[in-house]
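Text of work-v6.txt (compact mmCIF, N, CA and C atoms) as supplied:
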```txt
# COMPACT_ATOMS: atom_id res chain seq x y z
N MET A 1469 -17.89 31.40 40.40
CA MET A 1469 -18.88 31.74 39.39
C MET A 1469 -18.62 33.16 38.89
N ALA A 1470 -18.72 33.35 37.61
CA ALA A 1470 -18.48 34.66 36.99
C ALA A 1470 -19.70 35.55 37.19
N ASN A 1471 -19.45 36.84 37.28
CA ASN A 1471 -20.56 37.77 37.36
C ASN A 1471 -20.60 38.62 36.10
N ALA A 1472 -21.59 39.48 36.01
CA ALA A 1472 -21.79 40.28 34.80
C ALA A 1472 -20.61 41.19 34.49
N ASP A 1473 -19.85 41.58 35.51
CA ASP A 1473 -18.71 42.46 35.29
C ASP A 1473 -17.57 41.75 34.54
N ASP A 1474 -17.61 40.41 34.50
CA ASP A 1474 -16.58 39.64 33.82
C ASP A 1474 -16.78 39.58 32.31
N TYR A 1475 -17.88 40.12 31.83
CA TYR A 1475 -18.22 40.02 30.42
C TYR A 1475 -18.41 41.39 29.79
N ILE A 1476 -17.99 41.50 28.52
CA ILE A 1476 -18.32 42.69 27.75
C ILE A 1476 -19.82 42.63 27.49
N PHE A 1477 -20.51 43.70 27.58
CA PHE A 1477 -21.95 43.82 27.36
C PHE A 1477 -22.76 43.15 28.48
N GLY A 1478 -22.12 42.61 29.53
CA GLY A 1478 -22.84 42.00 30.64
C GLY A 1478 -23.53 40.70 30.29
N ASN A 1479 -23.13 40.06 29.19
CA ASN A 1479 -23.77 38.84 28.74
C ASN A 1479 -22.70 37.88 28.23
N GLY A 1480 -22.65 36.68 28.80
CA GLY A 1480 -21.64 35.71 28.43
C GLY A 1480 -21.68 35.29 26.98
N VAL A 1481 -22.87 35.14 26.42
CA VAL A 1481 -23.00 34.72 25.02
C VAL A 1481 -22.51 35.81 24.08
N LEU A 1482 -22.91 37.04 24.34
CA LEU A 1482 -22.44 38.16 23.51
C LEU A 1482 -20.93 38.35 23.64
N HIS A 1483 -20.44 38.18 24.86
CA HIS A 1483 -19.00 38.31 25.09
C HIS A 1483 -18.24 37.27 24.28
N ASP A 1484 -18.70 36.02 24.30
CA ASP A 1484 -18.03 34.95 23.57
C ASP A 1484 -18.07 35.20 22.06
N ARG A 1485 -19.21 35.64 21.57
CA ARG A 1485 -19.34 35.93 20.14
C ARG A 1485 -18.43 37.10 19.74
N PHE A 1486 -18.37 38.12 20.55
CA PHE A 1486 -17.49 39.27 20.29
C PHE A 1486 -16.03 38.82 20.28
N ARG A 1487 -15.66 37.96 21.25
CA ARG A 1487 -14.28 37.50 21.37
C ARG A 1487 -13.87 36.67 20.15
N ILE A 1488 -14.70 35.75 19.72
CA ILE A 1488 -14.35 34.91 18.57
C ILE A 1488 -14.33 35.74 17.29
N THR A 1489 -15.24 36.70 17.17
CA THR A 1489 -15.25 37.59 16.00
C THR A 1489 -13.96 38.39 15.94
N THR A 1490 -13.52 38.88 17.08
CA THR A 1490 -12.26 39.62 17.14
C THR A 1490 -11.08 38.73 16.75
N GLN A 1491 -11.11 37.47 17.20
CA GLN A 1491 -10.04 36.54 16.83
C GLN A 1491 -10.02 36.28 15.32
N ILE A 1492 -11.18 36.09 14.73
CA ILE A 1492 -11.27 35.85 13.28
C ILE A 1492 -10.70 37.04 12.53
N LEU A 1493 -11.14 38.24 12.89
CA LEU A 1493 -10.66 39.44 12.20
C LEU A 1493 -9.16 39.64 12.41
N ALA A 1494 -8.65 39.31 13.58
CA ALA A 1494 -7.21 39.44 13.84
C ALA A 1494 -6.40 38.50 12.96
N VAL A 1495 -6.88 37.28 12.78
CA VAL A 1495 -6.18 36.32 11.90
C VAL A 1495 -6.21 36.82 10.47
N MET A 1496 -7.35 37.33 10.04
CA MET A 1496 -7.47 37.85 8.67
C MET A 1496 -6.51 39.02 8.44
N VAL A 1497 -6.47 39.94 9.36
CA VAL A 1497 -5.62 41.12 9.21
C VAL A 1497 -4.15 40.73 9.23
N SER A 1498 -3.77 39.85 10.14
CA SER A 1498 -2.36 39.48 10.25
C SER A 1498 -1.88 38.65 9.06
N SER A 1499 -2.82 38.03 8.33
CA SER A 1499 -2.44 37.22 7.17
C SER A 1499 -2.54 37.96 5.85
N ALA A 1500 -3.11 39.14 5.87
CA ALA A 1500 -3.32 39.90 4.63
C ALA A 1500 -1.99 40.17 3.95
N PRO A 1501 -1.93 40.13 2.66
CA PRO A 1501 -3.00 39.95 1.68
C PRO A 1501 -3.28 38.48 1.34
N ARG A 1502 -2.65 37.55 2.05
CA ARG A 1502 -2.90 36.13 1.77
C ARG A 1502 -4.26 35.71 2.31
N ALA A 1503 -4.88 34.76 1.64
CA ALA A 1503 -6.17 34.23 2.09
C ALA A 1503 -5.96 33.33 3.31
N VAL A 1504 -6.99 33.20 4.11
CA VAL A 1504 -6.96 32.34 5.29
C VAL A 1504 -7.97 31.22 5.08
N SER A 1505 -7.54 29.99 5.31
CA SER A 1505 -8.43 28.84 5.14
C SER A 1505 -9.21 28.57 6.43
N LEU A 1506 -10.26 27.80 6.29
CA LEU A 1506 -11.06 27.42 7.44
C LEU A 1506 -10.21 26.62 8.44
N SER A 1507 -9.35 25.76 7.94
CA SER A 1507 -8.50 24.98 8.85
C SER A 1507 -7.54 25.88 9.63
N GLN A 1508 -7.06 26.95 9.00
CA GLN A 1508 -6.21 27.91 9.72
C GLN A 1508 -7.01 28.61 10.82
N LEU A 1509 -8.24 28.99 10.52
CA LEU A 1509 -9.08 29.62 11.54
C LEU A 1509 -9.36 28.65 12.68
N GLN A 1510 -9.61 27.39 12.33
CA GLN A 1510 -9.86 26.39 13.36
C GLN A 1510 -8.65 26.25 14.29
N SER A 1511 -7.47 26.18 13.72
CA SER A 1511 -6.27 26.01 14.55
C SER A 1511 -5.97 27.26 15.38
N ASN A 1512 -6.29 28.43 14.86
CA ASN A 1512 -6.03 29.67 15.59
C ASN A 1512 -7.06 29.97 16.67
N THR A 1513 -8.28 29.50 16.48
CA THR A 1513 -9.34 29.83 17.42
C THR A 1513 -9.78 28.66 18.30
N GLY A 1514 -9.53 27.45 17.83
CA GLY A 1514 -9.98 26.27 18.57
C GLY A 1514 -11.48 26.03 18.44
N ARG A 1515 -12.10 26.65 17.46
CA ARG A 1515 -13.55 26.50 17.23
C ARG A 1515 -13.81 25.53 16.10
N SER A 1516 -15.03 25.01 16.05
CA SER A 1516 -15.41 24.07 14.99
C SER A 1516 -15.60 24.81 13.66
N GLY A 1517 -15.44 24.07 12.58
CA GLY A 1517 -15.63 24.64 11.26
C GLY A 1517 -17.04 25.16 11.06
N ARG A 1518 -18.00 24.43 11.58
CA ARG A 1518 -19.41 24.84 11.43
C ARG A 1518 -19.66 26.19 12.12
N GLU A 1519 -19.14 26.34 13.33
CA GLU A 1519 -19.32 27.60 14.06
C GLU A 1519 -18.62 28.75 13.34
N LEU A 1520 -17.42 28.48 12.84
CA LEU A 1520 -16.67 29.51 12.12
C LEU A 1520 -17.35 29.91 10.82
N GLU A 1521 -17.92 28.94 10.12
CA GLU A 1521 -18.64 29.26 8.88
C GLU A 1521 -19.81 30.20 9.16
N LYS A 1522 -20.56 29.92 10.22
CA LYS A 1522 -21.69 30.78 10.58
C LYS A 1522 -21.22 32.20 10.89
N LEU A 1523 -20.16 32.29 11.69
CA LEU A 1523 -19.65 33.62 12.05
C LEU A 1523 -19.09 34.35 10.84
N CYS A 1524 -18.37 33.65 9.97
CA CYS A 1524 -17.82 34.30 8.78
C CYS A 1524 -18.94 34.74 7.84
N ASP A 1525 -20.02 33.95 7.73
CA ASP A 1525 -21.17 34.38 6.93
C ASP A 1525 -21.76 35.67 7.49
N SER A 1526 -21.87 35.75 8.81
CA SER A 1526 -22.39 36.97 9.44
C SER A 1526 -21.47 38.16 9.17
N LEU A 1527 -20.15 37.91 9.24
CA LEU A 1527 -19.19 38.98 8.97
C LEU A 1527 -19.25 39.43 7.51
N CYS A 1528 -19.50 38.50 6.61
CA CYS A 1528 -19.65 38.87 5.19
C CYS A 1528 -20.90 39.72 4.98
N ARG A 1529 -22.00 39.33 5.61
CA ARG A 1529 -23.23 40.12 5.49
C ARG A 1529 -23.06 41.52 6.06
N ALA A 1530 -22.22 41.63 7.09
CA ALA A 1530 -21.95 42.93 7.70
C ALA A 1530 -20.87 43.70 6.93
N MET A 1531 -20.38 43.09 5.84
CA MET A 1531 -19.38 43.67 4.96
C MET A 1531 -18.03 43.88 5.66
N LEU A 1532 -17.73 43.01 6.65
CA LEU A 1532 -16.44 43.06 7.32
C LEU A 1532 -15.46 42.08 6.69
N LEU A 1533 -15.97 41.09 5.98
CA LEU A 1533 -15.16 40.14 5.21
C LEU A 1533 -15.61 40.17 3.78
N HIS A 1534 -14.70 39.85 2.91
CA HIS A 1534 -15.05 39.83 1.48
C HIS A 1534 -14.68 38.49 0.93
```

This entry written out as structure tokens:
Amino acid sequence: MANADDYIFGNGVLHDRFRITTQILAVMVSSAPRAVSLSQLQSNTGRSGRELEKLCDSLCRAMLLH
């Protein structure tokens, strides 16, 4: 069983969200200036399109994606 020291911020949910956000931004940066499709994000992260859309919307609101 994992303990709090295994997670950033001491919370598994926040750690997972931080990790996937970092993966999304890494794919975007490594592909720049070309656009990245949802299917590319899915293949790079292993996450569902619905989950990625929510996270990308949050990143857009935070002005990290355009």

* Do a neighbour search on Ile1488 (chain A) at 10 Å with only C-alpha atoms, toss out local chain neighbours closer than 4 positions, and write the hits as a ChimeraX atom specification. => /A:1483-1484,1492-1494,1513-1515,1519-1520,1523

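Computed from the coordinates, the atom C of Asn1512 (chain A) to CA of Gly1478 (chain A) distance equals 24.3 Å.
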
* as a list of chain:residue names, which residues of region 1498-1531 of chain A does DSSP assign to helix (DSSP H, G or I)? -> A:Ser1498, A:Ser1499, A:Leu1506, A:Ser1507, A:Gln1508, A:Leu1509, A:Gln1510, A:Ser1511, A:Asn1512, A:Thr1513, A:Gly1517, A:Arg1518, A:Glu1519, A:Leu1520, A:Glu1521, A:Lys1522, A:Leu1523, A:Cys1524, A:Asp1525, A:Ser1526, A:Leu1527, A:Cys1528, A:Arg1529

Kindly save the residues from that selection, with N, CA and C atoms included, as a short mmCIF file (atom, residue, chain, number, x, y, z; two decimals), keeping the file's coordinate frame.
```cif
data_model
loop_
_atom_site.label_atom_id
_atom_site.label_comp_id
_atom_site.auth_asym_id
_atom_site.auth_seq_id
_atom_site.Cartn_x
_atom_site.Cartn_y
_atom_site.Cartn_z
N SER A 1498 -3.77 39.85 10.14
CA SER A 1498 -2.36 39.48 10.25
C SER A 1498 -1.88 38.65 9.06
N SER A 1499 -2.82 38.03 8.33
CA SER A 1499 -2.44 37.22 7.17
C SER A 1499 -2.54 37.96 5.85
N LEU A 1506 -10.26 27.80 6.29
CA LEU A 1506 -11.06 27.42 7.44
C LEU A 1506 -10.21 26.62 8.44
N SER A 1507 -9.35 25.76 7.94
CA SER A 1507 -8.50 24.98 8.85
C SER A 1507 -7.54 25.88 9.63
N GLN A 1508 -7.06 26.95 9.00
CA GLN A 1508 -6.21 27.91 9.72
C GLN A 1508 -7.01 28.61 10.82
N LEU A 1509 -8.24 28.99 10.52
CA LEU A 1509 -9.08 29.62 11.54
C LEU A 1509 -9.36 28.65 12.68
N GLN A 1510 -9.61 27.39 12.33
CA GLN A 1510 -9.86 26.39 13.36
C GLN A 1510 -8.65 26.25 14.29
N SER A 1511 -7.47 26.18 13.72
CA SER A 1511 -6.27 26.01 14.55
C SER A 1511 -5.97 27.26 15.38
N ASN A 1512 -6.29 28.43 14.86
CA ASN A 1512 -6.03 29.67 15.59
C ASN A 1512 -7.06 29.97 16.67
N THR A 1513 -8.28 29.50 16.48
CA THR A 1513 -9.34 29.83 17.42
C THR A 1513 -9.78 28.66 18.30
N GLY A 1517 -15.44 24.07 12.58
CA GLY A 1517 -15.63 24.64 11.26
C GLY A 1517 -17.04 25.16 11.06
N ARG A 1518 -18.00 24.43 11.58
CA ARG A 1518 -19.41 24.84 11.43
C ARG A 1518 -19.66 26.19 12.12
N GLU A 1519 -19.14 26.34 13.33
CA GLU A 1519 -19.32 27.60 14.06
C GLU A 1519 -18.62 28.75 13.34
N LEU A 1520 -17.42 28.48 12.84
CA LEU A 1520 -16.67 29.51 12.12
C LEU A 1520 -17.35 29.91 10.82
N GLU A 1521 -17.92 28.94 10.12
CA GLU A 1521 -18.64 29.26 8.88
C GLU A 1521 -19.81 30.20 9.16
N LYS A 1522 -20.56 29.92 10.22
CA LYS A 1522 -21.69 30.78 10.58
C LYS A 1522 -21.22 32.20 10.89
N LEU A 1523 -20.16 32.29 11.69
CA LEU A 1523 -19.65 33.62 12.05
C LEU A 1523 -19.09 34.35 10.84
N CYS A 1524 -18.37 33.65 9.97
CA CYS A 1524 -17.82 34.30 8.78
C CYS A 1524 -18.94 34.74 7.84
N ASP A 1525 -20.02 33.95 7.73
CA ASP A 1525 -21.17 34.38 6.93
C ASP A 1525 -21.76 35.67 7.49
N SER A 1526 -21.87 35.75 8.81
CA SER A 1526 -22.39 36.97 9.44
C SER A 1526 -21.47 38.16 9.17
N LEU A 1527 -20.15 37.91 9.24
CA LEU A 1527 -19.19 38.98 8.97
C LEU A 1527 -19.25 39.43 7.51
N CYS A 1528 -19.50 38.50 6.61
CA CYS A 1528 -19.65 38.87 5.19
C CYS A 1528 -20.90 39.72 4.98
N ARG A 1529 -22.00 39.33 5.61
CA ARG A 1529 -23.23 40.12 5.49
C ARG A 1529 -23.06 41.52 6.06
#
```

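Taking atom N of Met1496 (chain A) as the reference point, CA of Leu1533 (chain A) is found at 9.6 Å.
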
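Across the structure, CA of Gly1480 (chain A) and atom N of Leu1532 (chain A) are spaced 23.3 Å apart.
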